[in-house]
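Visitor: Quick one: the structure is below, and I'll ask about it shortly.
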Amino acid sequence: MFEIFQKGGPLMYPILLCSVLALAIFFERLWSFFRMNRGSGELVKEVEDLVRKHRIDEAIVVCQRLGTPLARILIGALRAKGGGREQIKTIVEEIGAREATIFERYLGLLGTIATISPLLGLLGTVLGMIRAFTVIATQGMGTPATLGGGISEALITTAAGLSVAIPTILLHKYLTSRLDRLILEMEENSMRLVDLLGS
């Protein structure tokens, strides 16, 4: 494997870096999504019970203890109680938009890795073909051994670039769909509280 890596030329290093970065981002986002969504159902139920009993200050303390994006949205709604449903809804939407950016962190970089990996492979292909044609220009047709170096470099970098890009695209799509689900759940939970506070 290491021998194949070396035959791929210098562009194999940035391609390897892209693969390591993509994996690191994927696992970091998975862990973050799990942490941010942990205990959401229980939190909403507990806050709703306290609101029905008119114990708003206690509900705020419960949210502060958890400290998740949903908890921060609920705190905004609880502090706006008495301001009317539309005002509470506006505050919740503003805080929600801010909190959503935390979920989206690094996803742009993952998309960029998926885009540039095959381009790095293509660049390696071009450099490998230049090397092969340089051999032809200086030594005539040469031998299969002398031409093989440039052509194998071209093929290896293309394969490596695609091998990184294809799984990265799938990981990006998976994280994006998971993010959409989490945001939808946050919206549903916070709107339930808005309706409760605004009634």
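Ordering of the structure tokens sets the chain letters (A, B, ...), residue numbers begin anew at 1 in every chain, and ligands are numbered from 1 in the order given.
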Using only C-alpha atoms, determine which residues lie at most 10 Å from A:Thr112, disregarding the query and same-chain residues fewer than 6 positions distant; provide the list as an MDAnalysis selection string.

Guide: chainID A and resid 18 22 106 165 168:169

Visitor: May I have the residues within 8 Å of A:Pro69 as a PyMOL selection string, using only C-alpha atoms and disregarding those fewer than 2 positions away in the same chain?

Guide: chain A and resi 36+67+71-73+96+99

Visitor: Extract, using only C-alpha atoms, all DNA, RNA and protein residues at most 9 Å from stretch 118-132 of chain A, discarding same-chain residues fewer than 4 positions from it, and format them as a PyMOL selection string.

Guide: chain A and resi 8-12+14-15+114+136-137+146-166

Visitor: Which residue gives the smallest distance to A:His172 among A:Ser117, A:Leu17, A:Leu110, A:Leu184, with only C-alpha atoms counted?

Guide: A:Leu110

Visitor: Could you name the residues that touch A:Glu94 at 12 Å or less, counting only C-alpha atoms, but leaving out those on the same chain fewer than 2 positions away, as an MDAnalysis selection string?

Guide: chainID A and resid 72:74 76:77 87:92 96:101 187

Visitor: Emit the selected residues as an mmCIF file, in the first residue's frame, including N, CA, C and O atoms.

Guide:
```cif
data_model
loop_
_atom_site.group_PDB
_atom_site.id
_atom_site.type_symbol
_atom_site.label_atom_id
_atom_site.label_comp_id
_atom_site.auth_asym_id
_atom_site.auth_seq_id
_atom_site.Cartn_x
_atom_site.Cartn_y
_atom_site.Cartn_z
ATOM 1 N N ARG A 72 -31.297 26.872 24.902
ATOM 2 C CA ARG A 72 -31.112 28.330 24.750
ATOM 3 C C ARG A 72 -32.305 28.968 24.024
ATOM 4 O O ARG A 72 -32.704 30.084 24.341
ATOM 5 N N ILE A 73 -32.873 28.249 23.069
ATOM 6 C CA ILE A 73 -34.065 28.748 22.362
ATOM 7 C C ILE A 73 -35.245 28.833 23.345
ATOM 8 O O ILE A 73 -35.974 29.826 23.372
ATOM 9 N N LEU A 74 -35.395 27.794 24.157
ATOM 10 C CA LEU A 74 -36.498 27.763 25.136
ATOM 11 C C LEU A 74 -36.353 28.871 26.175
ATOM 12 O O LEU A 74 -37.345 29.469 26.587
ATOM 13 N N GLY A 76 -35.044 31.807 25.657
ATOM 14 C CA GLY A 76 -35.498 33.023 24.968
ATOM 15 C C GLY A 76 -37.008 33.133 24.969
ATOM 16 O O GLY A 76 -37.564 34.207 25.225
ATOM 17 N N ALA A 77 -37.680 32.001 24.720
ATOM 18 C CA ALA A 77 -39.149 31.988 24.714
ATOM 19 C C ALA A 77 -39.702 32.251 26.111
ATOM 20 O O ALA A 77 -40.642 33.041 26.277
ATOM 21 N N GLN A 87 -44.574 38.012 19.212
ATOM 22 C CA GLN A 87 -43.285 38.499 19.722
ATOM 23 C C GLN A 87 -42.415 37.323 20.192
ATOM 24 O O GLN A 87 -41.215 37.272 19.905
ATOM 25 N N ILE A 88 -43.032 36.385 20.914
ATOM 26 C CA ILE A 88 -42.297 35.202 21.396
ATOM 27 C C ILE A 88 -41.780 34.404 20.195
ATOM 28 O O ILE A 88 -40.621 33.971 20.166
ATOM 29 N N LYS A 89 -42.639 34.246 19.183
ATOM 30 C CA LYS A 89 -42.263 33.492 17.974
ATOM 31 C C LYS A 89 -41.081 34.154 17.272
ATOM 32 O O LYS A 89 -40.149 33.478 16.822
ATOM 33 N N THR A 90 -41.103 35.483 17.156
ATOM 34 C CA THR A 90 -40.007 36.218 16.506
ATOM 35 C C THR A 90 -38.692 36.001 17.247
ATOM 36 O O THR A 90 -37.649 35.743 16.630
ATOM 37 N N ILE A 91 -38.736 36.086 18.576
ATOM 38 C CA ILE A 91 -37.526 35.885 19.399
ATOM 39 C C ILE A 91 -36.995 34.467 19.212
ATOM 40 O O ILE A 91 -35.796 34.254 19.032
ATOM 41 N N VAL A 92 -37.906 33.482 19.233
ATOM 42 C CA VAL A 92 -37.520 32.073 19.060
ATOM 43 C C VAL A 92 -36.867 31.858 17.693
ATOM 44 O O VAL A 92 -35.847 31.167 17.573
ATOM 45 N N GLY A 96 -33.114 30.730 17.132
ATOM 46 C CA GLY A 96 -33.001 29.479 16.363
ATOM 47 C C GLY A 96 -32.065 29.614 15.176
ATOM 48 O O GLY A 96 -31.263 28.716 14.901
ATOM 49 N N ALA A 97 -32.156 30.753 14.474
ATOM 50 C CA ALA A 97 -31.277 30.989 13.316
ATOM 51 C C ALA A 97 -29.814 31.052 13.753
ATOM 52 O O ALA A 97 -28.924 30.541 13.066
ATOM 53 N N ARG A 98 -29.564 31.678 14.918
ATOM 54 C CA ARG A 98 -28.196 31.758 15.457
ATOM 55 C C ARG A 98 -27.683 30.379 15.850
ATOM 56 O O ARG A 98 -26.550 30.019 15.570
ATOM 57 N N GLU A 99 -28.535 29.620 16.513
ATOM 58 C CA GLU A 99 -28.132 28.294 16.995
ATOM 59 C C GLU A 99 -27.906 27.319 15.837
ATOM 60 O O GLU A 99 -27.070 26.416 15.942
ATOM 61 N N ALA A 100 -28.642 27.489 14.743
ATOM 62 C CA ALA A 100 -28.499 26.590 13.582
ATOM 63 C C ALA A 100 -27.094 26.657 12.994
ATOM 64 O O ALA A 100 -26.582 25.670 12.462
ATOM 65 N N THR A 101 -26.447 27.830 13.099
ATOM 66 C CA THR A 101 -25.084 27.964 12.551
ATOM 67 C C THR A 101 -24.091 27.081 13.310
ATOM 68 O O THR A 101 -23.100 26.636 12.729
ATOM 69 N N GLU A 187 -37.468 23.075 15.874
ATOM 70 C CA GLU A 187 -38.552 23.998 15.506
ATOM 71 C C GLU A 187 -39.885 23.525 16.089
ATOM 72 O O GLU A 187 -40.643 24.319 16.656
#
```

Visitor: Would you kindly return, as a ChimeraX atom specification, each protein, DNA or RNA residue with an atom no farther than 10 Å from any atom of stretch 42-44 of chain A, considering only C-alpha atoms and excluding same-chain residues fewer than 3 positions away?

Guide: /A:38-39,47-50,59,62-63,66,70-71,74,186,189-190,192-193

Visitor: Using atom CA of A:Gly111 and atom CA of A:Ile183 as the two end points, give the distance in Å to one decimal.

Guide: 19.5 Å

Visitor: Go through A:Ile75, A:Leu197, A:Ile102, A:Leu171 and flag the residue nearest A:Ser32, using only C-alpha atoms for the distances.

Guide: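 That would be A:Ile102, the residue with the smallest distance to A:Ser32.
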
Visitor: Which residue is closest to A:Lys53? Choose from A:Ala24, A:Leu16, A:Leu196, A:Leu109 and count only C-alpha atoms.

Guide: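 The answer is A:Leu196, which sits nearest to A:Lys53.
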
Visitor: Which neighbours of A:Lys173 fall inside 10 Å, counting only C-alpha atoms, when residues of the same chain fewer than 6 positions from it are skipped, and could you give them as number ranges by chain?

Guide: A: 107, 111, 167, 179

Visitor: Would you export the selected residues with N, CA and C atoms as a PDB file, in the first residue's frame, please?

Guide:
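Output file again_15.pdb follows:
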```pdb
ATOM      1  N   LEU A 107     -19.460  21.751   7.974  1.00  0.00           N
ATOM      2  CA  LEU A 107     -20.103  21.053   6.857  1.00  0.00           C
ATOM      3  C   LEU A 107     -19.690  21.646   5.514  1.00  0.00           C
ATOM      4  N   GLY A 111     -17.885  19.682   2.362  1.00  0.00           N
ATOM      5  CA  GLY A 111     -18.303  19.813   0.958  1.00  0.00           C
ATOM      6  C   GLY A 111     -17.147  20.229   0.060  1.00  0.00           C
ATOM      7  N   PRO A 167     -16.797   8.714  -0.907  1.00  0.00           N
ATOM      8  CA  PRO A 167     -17.308   8.563   0.466  1.00  0.00           C
ATOM      9  C   PRO A 167     -17.590   9.903   1.150  1.00  0.00           C
ATOM     10  N   LEU A 179     -28.817  16.864  10.027  1.00  0.00           N
ATOM     11  CA  LEU A 179     -28.932  18.248  10.481  1.00  0.00           C
ATOM     12  C   LEU A 179     -30.346  18.773  10.231  1.00  0.00           C
TER      13      LEU A 179
END
```
